[in-house]
>>> print(open('protein-v1.txt').read())   # compact mmCIF, C-alpha atoms
# COMPACT_ATOMS: atom_id res chain seq x y z
CA LEU A 1012 -9.49 10.14 -8.56
CA LYS A 1013 -12.22 7.75 -9.73
CA HIS A 1014 -14.04 4.90 -8.01
CA SER A 1015 -14.58 1.60 -9.71
CA SER A 1016 -17.92 -0.04 -9.46
CA PRO A 1017 -18.10 -2.32 -6.44
CA SER A 1018 -17.05 -5.91 -6.95
CA THR A 1019 -18.31 -8.85 -4.99
CA CYS A 1020 -15.56 -10.91 -3.48
CA LEU A 1021 -15.41 -14.28 -1.80
CA ARG A 1022 -12.29 -15.07 0.18
CA SER A 1023 -11.49 -18.26 2.05
CA ARG A 1024 -9.11 -16.60 4.49
CA PRO A 1025 -9.42 -13.35 6.42
CA LEU A 1026 -7.75 -10.25 5.07
CA PRO A 1027 -5.75 -7.99 7.39
CA ASN A 1028 -7.37 -4.79 8.66
CA ALA A 1029 -7.96 -2.10 6.06
CA ILE A 1030 -5.86 1.03 6.45
CA SER A 1031 -7.33 4.46 6.75
CA CYS A 1032 -5.12 7.04 5.07
CA GLY A 1033 -7.49 9.80 4.14
CA ARG A 1034 -8.81 8.28 0.90
CA LEU A 1035 -9.56 4.71 1.80
CA VAL A 1036 -10.24 1.83 -0.28
CA PHE A 1037 -11.75 -1.15 1.26
CA THR A 1038 -14.90 -2.17 3.07
CA LEU A 1039 -15.83 -5.71 3.83
CA LEU A 1040 -19.02 -7.29 5.15
CA ALA A 1041 -18.52 -10.58 6.97
CA ALA A 1042 -20.61 -13.70 6.36
CA THR A 1043 -20.57 -17.08 8.06
CA GLY A 1044 -17.44 -19.08 7.27
CA PHE A 1045 -16.18 -16.76 4.54
CA GLU A 1046 -15.60 -13.09 4.12
CA MET A 1047 -18.10 -11.95 1.56
CA GLY A 1048 -18.93 -8.41 0.64
CA ARG A 1049 -18.02 -5.58 -1.62
CA PHE A 1050 -14.81 -3.73 -1.99
CA PHE A 1051 -14.21 -0.48 -3.78
CA GLN A 1052 -10.98 0.16 -5.58
CA ARG A 1053 -9.66 3.66 -6.11
CA TYR A 1054 -8.32 4.52 -9.57
CA TYR A 1055 -6.32 7.58 -10.52
CA ASP A 1056 -6.86 9.50 -13.76
CA ASP A 1057 -4.99 8.30 -16.85
CA ASP A 1058 -3.06 11.56 -17.17
CA GLU A 1059 -1.39 11.11 -13.76
CA ALA A 1060 1.75 9.05 -13.13
CA VAL A 1061 0.57 6.06 -11.10
CA TYR A 1062 2.32 3.21 -9.27
CA LYS A 1063 0.42 -0.08 -9.63
CA CYS A 1064 0.60 -3.67 -8.42
CA SER A 1065 2.73 -5.54 -10.97
CA GLY A 1066 0.58 -8.65 -10.52
CA CYS A 1067 -2.97 -7.31 -10.93
CA ARG A 1068 -2.47 -3.63 -11.97
CA THR A 1069 -4.35 -2.24 -8.95
CA HIS A 1070 -3.49 1.44 -8.38
CA PHE A 1071 -1.47 2.17 -5.22
CA ALA A 1072 -0.05 5.69 -5.37
CA GLN A 1073 0.63 8.77 -7.45
CA TYR A 1074 4.05 10.15 -8.33
CA LYS A 1075 3.18 13.39 -6.51
CA ASP A 1076 2.95 11.41 -3.22
CA LEU A 1077 6.45 9.90 -3.66
CA LEU A 1078 8.74 11.25 -0.93
CA SER A 1079 11.95 9.24 -1.42
CA THR A 1080 13.50 6.53 -3.58
CA ASN A 1081 16.36 5.95 -1.14
CA PHE A 1082 14.96 2.93 0.74
CA ARG A 1083 15.55 -0.83 0.69
CA GLY A 1084 12.94 -3.55 1.08
CA ARG A 1085 13.07 -7.33 1.20
CA THR A 1086 13.08 -7.52 -2.64
CA GLY A 1087 15.50 -4.65 -3.31
CA ASN A 1088 14.84 -0.94 -3.82
CA ALA A 1089 11.78 0.55 -2.14
CA LEU A 1090 9.88 3.84 -2.34
CA LEU A 1091 8.55 6.01 0.51
CA PHE A 1092 5.08 7.51 -0.07
CA ASN A 1093 3.01 10.02 1.84
CA GLN A 1094 -0.19 8.10 1.07
CA VAL A 1095 -1.34 4.95 -0.71
CA VAL A 1096 -4.68 3.37 -1.62
CA ASN A 1097 -6.00 -0.14 -2.31
CA VAL A 1098 -3.96 -1.84 0.40
CA THR A 1099 -4.79 -3.62 3.64
CA ALA A 1100 -2.53 -3.75 6.68
CA GLY A 1101 -1.45 -6.65 8.82
CA PRO A 1102 -0.94 -6.61 12.59
CA LEU A 1103 1.64 -4.47 14.35
CA GLU A 1104 5.18 -5.90 14.27
CA GLN A 1105 8.48 -4.80 15.75
CA SER A 1106 11.17 -4.63 13.09
CA VAL A 1107 14.86 -3.92 13.55
CA MET A 1108 16.04 -2.14 10.39
CA THR A 1109 19.35 -0.54 9.45
CA THR A 1110 17.99 2.77 10.80
CA GLY A 1111 16.86 1.35 14.15
CA LEU A 1112 13.79 -0.20 15.74
CA HIS A 1113 10.40 0.53 14.15
CA THR A 1114 6.82 -0.64 14.67
CA ILE A 1115 5.34 -1.45 11.26
CA ARG A 1116 2.36 -3.09 9.57
CA CYS A 1117 2.85 -5.14 6.40
CA LEU A 1118 0.81 -3.94 3.42
CA TYR A 1119 -1.10 -6.22 1.05
CA CYS A 1120 -2.81 -5.53 -2.28
CA VAL A 1121 -6.59 -5.65 -1.81
CA VAL A 1122 -7.08 -7.62 -5.04
CA CYS A 1123 -4.31 -10.22 -5.30
CA GLU A 1124 -3.25 -10.10 -1.61
CA GLU A 1125 0.46 -9.87 -2.53
CA ARG A 1126 2.63 -8.38 0.21
CA VAL A 1127 3.79 -5.09 -1.34
CA GLY A 1128 5.43 -3.15 1.48
CA TRP A 1129 4.81 -1.77 4.95
CA LYS A 1130 3.55 1.23 6.89
CA TYR A 1131 5.68 2.86 9.56
CA GLU A 1132 3.61 3.25 12.73
CA VAL A 1133 6.35 4.17 15.24
CA ALA A 1134 9.99 5.11 14.82
CA PHE A 1135 11.94 4.95 18.07
CA GLU A 1136 14.96 6.99 16.93
CA GLU A 1137 14.36 10.74 16.97
CA ASP A 1138 15.91 11.29 13.51
CA GLN A 1139 13.55 8.64 12.04
CA LYS A 1140 10.25 10.16 13.28
CA TYR A 1141 9.56 11.63 9.81
CA LYS A 1142 8.66 8.07 8.67
CA GLU A 1143 5.74 7.68 11.08
CA GLY A 1144 2.46 7.30 9.21
CA ARG A 1145 4.27 6.92 5.87
CA PHE A 1146 4.27 3.97 3.48
CA ILE A 1147 6.96 1.86 1.80
CA LEU A 1148 6.17 0.08 -1.48
CA GLU A 1149 8.75 -2.32 -2.89
CA GLU A 1150 9.85 -1.21 -6.34
CA GLY A 1151 10.21 -4.78 -7.66
CA LEU A 1152 6.51 -5.40 -6.99
CA LEU A 1153 5.29 -2.27 -8.81
CA SER A 1154 4.67 -1.10 -12.34
CA THR A 1155 4.05 2.47 -13.46
CA ALA A 1156 1.72 4.08 -15.96
CA GLY A 1157 0.34 7.43 -17.03
CA ALA A 1158 1.69 10.97 -17.39
CA GLY A 1159 2.44 10.74 -21.07
CA GLY A 1160 3.94 7.26 -21.11
CA GLY A 1161 2.82 3.70 -21.38
CA GLU A 1162 2.99 1.09 -18.70
CA SER A 1163 6.36 -0.10 -17.44
CA GLU A 1164 7.99 -1.85 -14.51
CA ALA A 1165 8.87 0.60 -11.69
>>> encode(input="protein-v1.txt", output="structure tokens")
Amino acid sequence: LKHSSPSTCLRSRPLPNAISCGRLVFTLLAATGFEMGRFFQRYYDDDEAVYKCSGCRTHFAQYKDLLSTNFRGRTGNALLFNQVVNVTAGPLEQSVMTTGLHTIRCLYCVVCEERVGWKYEVAFEEDQKYKEGRFILEEGLLSTAGAGGGESEA
């Protein structure tokens, strides 16, 4: 795992809270009227299979953290990950899904601010508890690269 050099950012609207998932990604220093500060992106090594934002190529997750491909999101197929980086999380929301009621937070790319998935905070059905603290990324919003291949859509 490599760090990029910090980049200065200027945003005209507030970003959601940054998520802490072990290897976090984002720090922000506030200034009057705008959010101005530095953010640090995490990058995985080139020899690892990596899932990236299809819009800006920001790294999100490694293949080794992929738990399941058997999920659906608002854009189609979705992937369940144990951990992700370079995302921020929105406020808590109640969401009724095909598997029951869940409390989630929407996930956004730290660079382009595209909504890319969600994090399961609470699963109310006992057989869905394994999702708590895990992350969904929507396959249609991802590209992949690394591990002996070039870049492609997920």
>>> residues_around(input="protein-v1.txt", residues="segment 1128-1138 of chain A", least_positions_apart="5", cutoff="10 Å", atoms="all atoms listed in the file", output="PyMOL selection string")
chain A and resi 1030+1084-1086+1089-1092+1094-1095+1098-1101+1103-1106+1110-1120+1143-1150+1152
>>> residues_around(input="protein-v1.txt", residues="segment 1070-1076 of chain A", least_positions_apart="6", cutoff="7 Å", atoms="all atoms listed in the file", output="list in words")
Arg1053, Tyr1054, Ala1060, Val1061, Tyr1062, Lys1063, Cys1064, Phe1092, Asn1093, Gln1094, Val1095, Val1096 and Asn1097 of chain A
>>> write_last_selection(input="protein-v1.txt", atoms="C-alpha atoms", output="compact mmCIF listing (two decimals), keeping the file's coordinate frame")
# COMPACT_ATOMS: atom_id res chain seq x y z
CA ARG A 1053 -9.66 3.66 -6.11
CA TYR A 1054 -8.32 4.52 -9.57
CA ALA A 1060 1.75 9.05 -13.13
CA VAL A 1061 0.57 6.06 -11.10
CA TYR A 1062 2.32 3.21 -9.27
CA LYS A 1063 0.42 -0.08 -9.63
CA CYS A 1064 0.60 -3.67 -8.42
CA PHE A 1092 5.08 7.51 -0.07
CA ASN A 1093 3.01 10.02 1.84
CA GLN A 1094 -0.19 8.10 1.07
CA VAL A 1095 -1.34 4.95 -0.71
CA VAL A 1096 -4.68 3.37 -1.62
CA ASN A 1097 -6.00 -0.14 -2.31
>>> atom_distance(input="protein-v1.txt", atom1="atom CA of Lys1140 of chain A", atom2="atom CA of Glu1124 of chain A")
28.5 Å
>>> atom_distance(input="protein-v1.txt", atom1="atom CA of Ser1065 of chain A", atom2="atom CA of Asn1081 of chain A")
20.4 Å
>>> atom_distance(input="protein-v1.txt", atom1="atom CA of Thr1109 of chain A", atom2="atom CA of Glu1125 of chain A")
24.2 Å
